[in-house]
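See structure below.
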Amino acid sequence: MPESFDLELRSVRKQFGDQTVVRGVSFALAKGEFLSLLGPSGCGKTTTLSMIAGFEASSGGEILIRGRRIDALPPEKRDIGMVFQNYALFPHLTVVDNIGFGLRMRGVRKAEARSQVESSARLVKVDHLLDRYPRQLSGGQQQRVALARALVTKPALVLLDEPFGALDRLLREELQIEIRALLRSLNITTVFVTHDQDEALSMSDRVAVMFDGQIEQISTPQQLYSLPASRNVAGFIGKGTFLHGTVTASGTFSTQLGTFGLPGAAALPGAAASADYFLRPESVIVTDQAGRFPNEVEARVAAMTFLGDRQTLIADADDGTRFFVQARHDAPALPIGSRVRLGWATERATVFPQA
Amino acid sequence: MTRSSTDFGQLARIVLLLPATVIVVVGYVLPSLVLAAMSFGIVPGTWSLSEATTSHYARLIGDVYYLRVVGYTLFLGIVVSVLTAILAFPVGYYLARSRSRLTSLYAVLTFTPLAVGMNMVTLGWMVILGKTGFINALLLQTGAIKDPLQLLYGWGAVIVAMVHVVFTFMVLPIEAVVRQIDPSLEKAARILGAGPIRTFLEVVLPLSLPGIAAGFLIVFLQVCGAFVLPLLLGGQGFTLMPIAIWEQITVSFDRPFAATLSVALILISIVVMLVQMRIMREKSLV
Amino acid sequence: MSLRYLSIYSAVLGVLFVFPLLIVVAVSLDPGDYIRFPVSGYSPRWYIEMWSNQTIVLALKNSLIVGTVSSLIGAAVAVPAALVIARGGWFLERVAYPFFLSSFTIPWLVYGLALLFFWGAAGFDLSLTTLIVGHTVIAIPYILRVTLAVLRGMPPNLVRAARISGASPWQAFFHVTLPYIRSGLVAGISFAFVVSFTNIPVSLFITTADNITLPVAIFNYMVNNFEPMVATISVVQVVMIGIILVTARKVGRVERS
């Protein structure tokens with residue numbers, strides 16, 4: 001078996017009583033890859049992480065690290081580093097002893113351990129805090145110490161469980177960049193759990209979007225955005241407009257607002273199937289002339305949100321469908337209640353068959 | 001700080017505290033002073049200080065018999081405290097971490113010896129451990145032994161029954177302190193390479209020490225003050241300080257010396273409390 | 001993680017703890033004249049005969065009186081003290097509070113002895129009253145501690161809201177504070193009652209034939225005669241406690257408006 005994958009999950013399942021919380025999760029990570037498990041609360045991402053770490057036993061499937069099955073191993077034997085949601089720094093130990101804990105468990109001699117701890121601390125810039133106790137550190141500092149502790153033993157895999165939740169926005173973004181760069185330079189395979197899509201999209205090589213215990217799509221951030229595989233993924237990542245309707249025999253999409261063109265992508269639902277028609281905000285254009293676009297609707301302006309670098313126009317069509325339209329930051333403000341004409345190119349739409 | 005309209009004025013404060021103060025002073029402080037006075041040989045009634053003597057204390061310190069009584073009392077206190085700490089910790093940990101609804105039932109269960117009283121507990125153990133009691137009956141029936149074992153009377157019986165009685169005092173503080181330990185600390189230790197035992201020794205135990213110390217103190221004081229249980233289960237010749245005090249009153253009719261022994265017992269309690277407070281201050285963790 | 005083993009261990013210990021008490025219940029039903037195992041039979045003989053024993057009946061009555069009165073007086077003095085201490089302040093927290101708790105720390109037997117000497121020196125004969133004083137003193141710390149804990153958790157704005165609506169301090173206490181602390185107070189009083197009702201060491205030296213309490217009476221019996229009736233009376237004592245606790249809980253709830 002080639003050791004091409006650092007981490008591999010094959011149809012991993014978890015059942016609590018008669019509730020299946022994780023159903024058949026599979027993916028494989030090459031060395032140095034950064035994968036995020038993204039999804040709403042309860043989707044099973046944290047349970048999946050727990051199973052990789054060994055805190056929960058899987059109800060089925062296999063977990064392999066570098067080709068070796070680790071299912072039967074207790075957490076302490078899995079050679080994994082982990083950063084917990086609230087850092088979990090040992091309050092009764094100094095920063096030095098916290099970071100060096102893993103080395104001590106492996107029997108590394110004091111002198112050697114000290115130098116490894118110091119270099120790990122330097123990587124995350126806490127080398128001046130070695131003799132402090134966790135309670136004397138700020139949130140961001142504790143975060144870095146937690147990371148140093150996880151990395152010092154040079155594990156095969158690093159797990160991060162929503163590590164930035166307790167930090168304010170600026171600090172969070174700063175740490176995201178720093179930690180991503182650090183992990184990249186160390187070429188450590190990483191699994192990152194979060195419910196924040198901005199975080200997942202900005203940091204990851206690939207993102208696995210989970211709903212209800214399953215991975216609905218696992219792709220690069222770009223693909224997730226432009227080619228969402230399901231309605232759930234489309235609705236979770238970024239913003240967009242959903243139209244409900246049916247596919248007609250003549251290959252168009254019929255809705256209450258009119259008939260629109262179907263994009264020429266593969267895997268379209270068969271005739272008379274009901275489906276969702278999806279448009280990203282940047283795909284919809286405000287037009288002042290009818291007929292410019294193959295697909296057009298009229299809508300009434302509900303709101304116009306100024307976000308600094310762009311504006312979002314929210315307009316409601318006659319059947320109540322809410323359209324999200326991206327406008328330029330310097331586009332003129334449209335009065336609430338006024339009517340606008342919206343249009344889009346057929347190829348910019350994505351269609352999802354209704355399950 | 002300006003006084004808010006809902007604060008009590010000075011007079012109101014005094015009035016509200018007065019009844020409790022009176023009762024504690026009259027019902028506790030004064031009797032304690034009388035006790036202390038009697039231990040120095042002062043006779044109530046005449047109250048003459050010229051009669052004060054330390055001869056009773058000298059007798060206590062000089063007599064090997066009584067020194068042994070003191071020693072046995074302390075020894076029992078330590079043995080029971082240590083044993084109870086070891087036995088109760090897993091239970092306290094379990095109650096803190098378990099999400100089962102049975103845990104509140106369990107808390108009630110450990111409390112039962114106190115609710116039923118020493119008579120019932122002692123009687124129960126006497127029937128279990130006696131020569132014609134439960135254990136011997138069982139062993140004789142199954143033919144495991146031919147003659148009944150001497151289980152009752154002596155250190156073993158007293159220790160076992162005392163652990164039963166004080167168990168709840170150790171479980172509760174341990175449960176409280178373990179509840180405050182973030183479970184992800186244990187997970188962190190595990191993922192860093194510590195097995196279950198190592199995790200306990202390196203993380204759980206150090207962080208539980210305040211609870212263990214609190215339980216230890218309560219248990220130790222309970223044991224040192226225990227009377228009915230050691231008397232009935234210890235048998236002839238098993239004398240601890242409370243029993244010695246009782247003997248001085250009911251057998252020897254030597255009130256001053258009983259007072260002296262009592263003061264000694266109080267001093268031991270105070271010393272133990274101070275030691276514990278000292279240890280706790282040094283190890284205080286946020 | 002290994003919670004399952006711990007639950008088994010705890011269950012085993014739990015059974016071991018209940019076992020001696022079950023044995024006593026079994027023995028209480030033994031109609032024989034001396035305690036033996038296995039029990040000679042099952043009959044309610046002693047449960048019936050115990051009531052013709054004057055000492056026992058008197059002891060039971062005394063214990064009920066002493067327990068009830070001491071816990072209620074304890075509450076009556078501890079609650080006002082708690083109200084004051086809850087406001088805080090260095091003196092109250094560092095001096096007054098430990099002072100009221102101090103009777104916690106004295107071994108009960110020693111305290112009983114001190115009471116014996118004290119009443120003798122003060123010229124009072126031993127009676128129910130002298131007994132009640134002692135039991136009240138040991139009740140105070142329990143009730144004070146519980147009440148203080150509850151008061152410290154009470155939002156200060158509750159009383160302020162009442163006062164601003166026109167309530168006098170007494171009215172605010174009666175209509176706001178008291179209901180708030182009711183369940184904690186009832187728990188504290190119940191606890192103090194149990195402590196008093198089962199207490200031997202404090203009562204031992206200051207009870208005579210007239211003011212004897214139930215646990216002391218049982219104790220005397222146990223020392224002198226090893227009969228099943230000792231078990232029977234003990235079980236009755238426990239049942240009494242159970243009845244009173246349940247009643248107390250009901251009383252604590254009924255008066256909710």
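Just remember, in the structure tokens the first chain shown is A, the second B, etc., residues are 1-based per chain, and ligands are 1-based in the order shown.
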
Would you kindly report the residues of chain C within 6 Å of chain B, using only C-alpha atoms, as a PyMOL selection string?
chain C and resi 10+20-21+23-24+37+77+80-81+107+110+114-115+118+121+198+234+238

Find the residues near region 92-98 of chain C: any atom within 10 Å, counting only C-alpha atoms, skip ones fewer than 5 places away on the same chain, and give them as an NGL selection string.
(:B and (17 or 21)) or (:C and (81-82 or 84-87 or 103-104 or 141 or 144-145 or 148))

Select residues of chain A: the criterion is any atom within 10 Å of an atom of chain B, counting only C-alpha atoms; output as a compact mmCIF listing (two decimals) with N, CA and C atoms, in the first residue's frame.
# COMPACT_ATOMS: atom_id res chain seq x y z
N SER A 50 -13.03 14.20 16.54
CA SER A 50 -12.82 13.39 17.74
C SER A 50 -12.43 11.96 17.40
N ALA A 53 -8.85 11.89 16.35
CA ALA A 53 -7.97 12.03 17.51
C ALA A 53 -8.01 10.81 18.41
N GLY A 54 -9.14 10.10 18.39
CA GLY A 54 -9.23 8.91 19.23
C GLY A 54 -10.07 9.10 20.48
N PHE A 55 -10.74 10.26 20.60
CA PHE A 55 -11.55 10.47 21.78
C PHE A 55 -12.90 9.78 21.65
N PRO A 74 -5.16 4.08 21.17
CA PRO A 74 -5.64 5.14 22.05
C PRO A 74 -5.02 6.47 21.63
N PRO A 75 -5.59 7.59 22.05
CA PRO A 75 -5.11 8.90 21.57
C PRO A 75 -3.62 9.11 21.77
N GLU A 76 -3.09 8.64 22.89
CA GLU A 76 -1.70 8.94 23.18
C GLU A 76 -0.72 8.23 22.25
N LYS A 77 -1.23 7.28 21.47
CA LYS A 77 -0.31 6.55 20.59
C LYS A 77 -0.47 6.96 19.12
N ARG A 78 -1.23 7.99 18.85
CA ARG A 78 -1.55 8.28 17.46
C ARG A 78 -0.63 9.30 16.80
N ASP A 79 0.29 9.89 17.54
CA ASP A 79 1.23 10.85 16.94
C ASP A 79 0.49 12.00 16.25
N ILE A 80 -0.46 12.57 16.97
CA ILE A 80 -1.24 13.68 16.44
C ILE A 80 -1.06 14.88 17.36
N GLY A 81 -0.98 16.07 16.77
CA GLY A 81 -0.99 17.28 17.59
C GLY A 81 -2.37 17.90 17.52
N MET A 82 -2.82 18.52 18.62
CA MET A 82 -4.17 19.07 18.59
C MET A 82 -4.25 20.39 19.33
N VAL A 83 -4.98 21.32 18.73
CA VAL A 83 -5.26 22.60 19.41
C VAL A 83 -6.75 22.64 19.69
N PHE A 84 -7.12 22.82 20.96
CA PHE A 84 -8.50 22.74 21.38
C PHE A 84 -9.19 24.09 21.33
N GLN A 85 -10.49 24.05 21.38
CA GLN A 85 -11.31 25.25 21.25
C GLN A 85 -10.97 26.31 22.29
N ASN A 86 -10.77 25.90 23.53
CA ASN A 86 -10.40 26.87 24.55
C ASN A 86 -8.96 26.65 25.02
N TYR A 87 -8.15 26.20 24.10
CA TYR A 87 -6.70 26.03 24.25
C TYR A 87 -6.30 24.89 25.17
N ALA A 88 -7.05 24.67 26.26
CA ALA A 88 -6.73 23.57 27.18
C ALA A 88 -5.28 23.59 27.64
N LEU A 89 -4.79 24.76 28.00
CA LEU A 89 -3.44 24.82 28.57
C LEU A 89 -3.52 24.39 30.03
N PHE A 90 -2.54 23.63 30.49
CA PHE A 90 -2.56 23.15 31.87
C PHE A 90 -2.29 24.32 32.81
N PRO A 91 -3.29 24.66 33.64
CA PRO A 91 -3.14 25.87 34.46
C PRO A 91 -2.07 25.76 35.54
N HIS A 92 -1.73 24.55 35.91
CA HIS A 92 -0.77 24.40 36.99
C HIS A 92 0.67 24.29 36.48
N LEU A 93 0.84 24.40 35.16
CA LEU A 93 2.19 24.32 34.59
C LEU A 93 2.55 25.62 33.88
N ASN A 98 4.18 23.41 29.75
CA ASN A 98 3.03 23.10 28.88
C ASN A 98 3.52 22.63 27.53
N ILE A 99 4.38 23.43 26.93
CA ILE A 99 4.87 23.08 25.59
C ILE A 99 5.65 21.78 25.63
N GLY A 100 6.42 21.59 26.71
CA GLY A 100 7.27 20.41 26.78
C GLY A 100 6.57 19.16 27.25
N PHE A 101 5.27 19.26 27.52
CA PHE A 101 4.54 18.11 28.08
C PHE A 101 4.67 16.88 27.20
N GLY A 102 4.42 17.06 25.92
CA GLY A 102 4.47 15.93 25.00
C GLY A 102 5.85 15.30 24.93
N LEU A 103 6.88 16.14 24.99
CA LEU A 103 8.24 15.62 24.96
C LEU A 103 8.51 14.81 26.22
N ARG A 104 7.99 15.32 27.34
CA ARG A 104 8.21 14.60 28.59
C ARG A 104 7.52 13.24 28.55
N MET A 105 6.35 13.17 27.96
CA MET A 105 5.64 11.90 27.86
C MET A 105 6.40 10.91 27.00
N ARG A 106 7.19 11.46 26.05
CA ARG A 106 7.97 10.57 25.19
C ARG A 106 9.35 10.27 25.76
N TYR A 133 2.57 31.66 33.67
CA TYR A 133 1.49 30.68 33.75
C TYR A 133 0.37 31.08 32.79
N PRO A 134 -0.40 30.12 32.32
CA PRO A 134 -1.45 30.45 31.33
C PRO A 134 -2.34 31.60 31.76
N ARG A 135 -2.66 31.68 33.04
CA ARG A 135 -3.58 32.73 33.46
C ARG A 135 -2.98 34.12 33.31
N ALA A 146 -0.63 27.09 22.77
CA ALA A 146 -1.31 25.83 22.45
C ALA A 146 -0.78 25.25 21.16
N ARG A 149 2.69 23.85 21.64
CA ARG A 149 2.62 22.58 22.34
C ARG A 149 2.26 21.45 21.39
N ALA A 150 1.35 21.77 20.46
CA ALA A 150 0.92 20.73 19.52
C ALA A 150 2.01 20.39 18.52
N VAL A 152 5.47 20.80 18.85
CA VAL A 152 6.84 20.52 19.30
C VAL A 152 7.24 19.05 19.10
N THR A 153 6.26 18.15 19.15
CA THR A 153 6.62 16.74 18.99
C THR A 153 6.69 16.32 17.53
N PRO A 155 4.41 16.09 15.05
CA PRO A 155 3.46 15.00 14.78
C PRO A 155 3.23 14.82 13.28

Quick one: residues within 10 Å of Phe306 (chain A), only C-alpha atoms counted, chain neighbours fewer than 6 positions away excluded, as a ChimeraX atom specification?
/A:312-313,327-330,333

Written file, previous selection with N, CA and C atoms, as a compact mmCIF listing (two decimals), in the first residue's frame:
# COMPACT_ATOMS: atom_id res chain seq x y z
N THR A 312 -24.38 45.55 -1.92
CA THR A 312 -25.29 44.45 -2.23
C THR A 312 -26.69 45.02 -2.38
N LEU A 313 -27.28 44.77 -3.52
CA LEU A 313 -28.66 45.19 -3.75
C LEU A 313 -29.57 44.01 -3.47
N ALA A 327 -23.33 45.08 -6.62
CA ALA A 327 -23.17 46.33 -7.35
C ALA A 327 -21.82 46.93 -7.01
N ARG A 328 -21.35 47.80 -7.84
CA ARG A 328 -20.07 48.46 -7.58
C ARG A 328 -20.19 49.39 -6.40
N HIS A 329 -19.04 49.62 -5.78
CA HIS A 329 -19.07 50.47 -4.60
C HIS A 329 -19.51 51.89 -4.93
N ASP A 330 -19.32 52.28 -6.20
CA ASP A 330 -19.69 53.65 -6.54
C ASP A 330 -20.97 53.71 -7.36
N ALA A 333 -27.15 54.95 -5.57
CA ALA A 333 -28.12 54.30 -4.69
C ALA A 333 -29.49 54.31 -5.34

Running DSSP on the backbone, which parts of region 128-306 of chain A land in strand (DSSP E or B), as a PyMOL selection string?
chain A and resi 157-161+189-194+206-211+214-219+241-247+252-255+258-261+274-279+285-287+295-306

At a cut-off of 7 Å, using only C-alpha atoms, what residues contact region 60-73 of chain C? Leave out same-chain residues fewer than 4 positions from it and give the result as a ChimeraX atom specification.
/C:56,77,132,135-136,139,189,192-193,196-197,211-214

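Put simply, CA of Phe5 (chain A) is 21.9 Å away from CA of Val22 (chain A).
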
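From CA of Gly89 (chain C) back to CA of Gly74 (chain C), the distance works out to 23.4 Å.
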
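Contact shell of Leu201 (chain A) at 9 Å (only C-alpha atoms; same-chain neighbours under 3 positions omitted): Ser36, Asp196, Gln197, Asp198, Ser204, Asp205, Arg206, Val207, Thr220, Pro221, Gln222, Leu224 and Ile237 of chain A.
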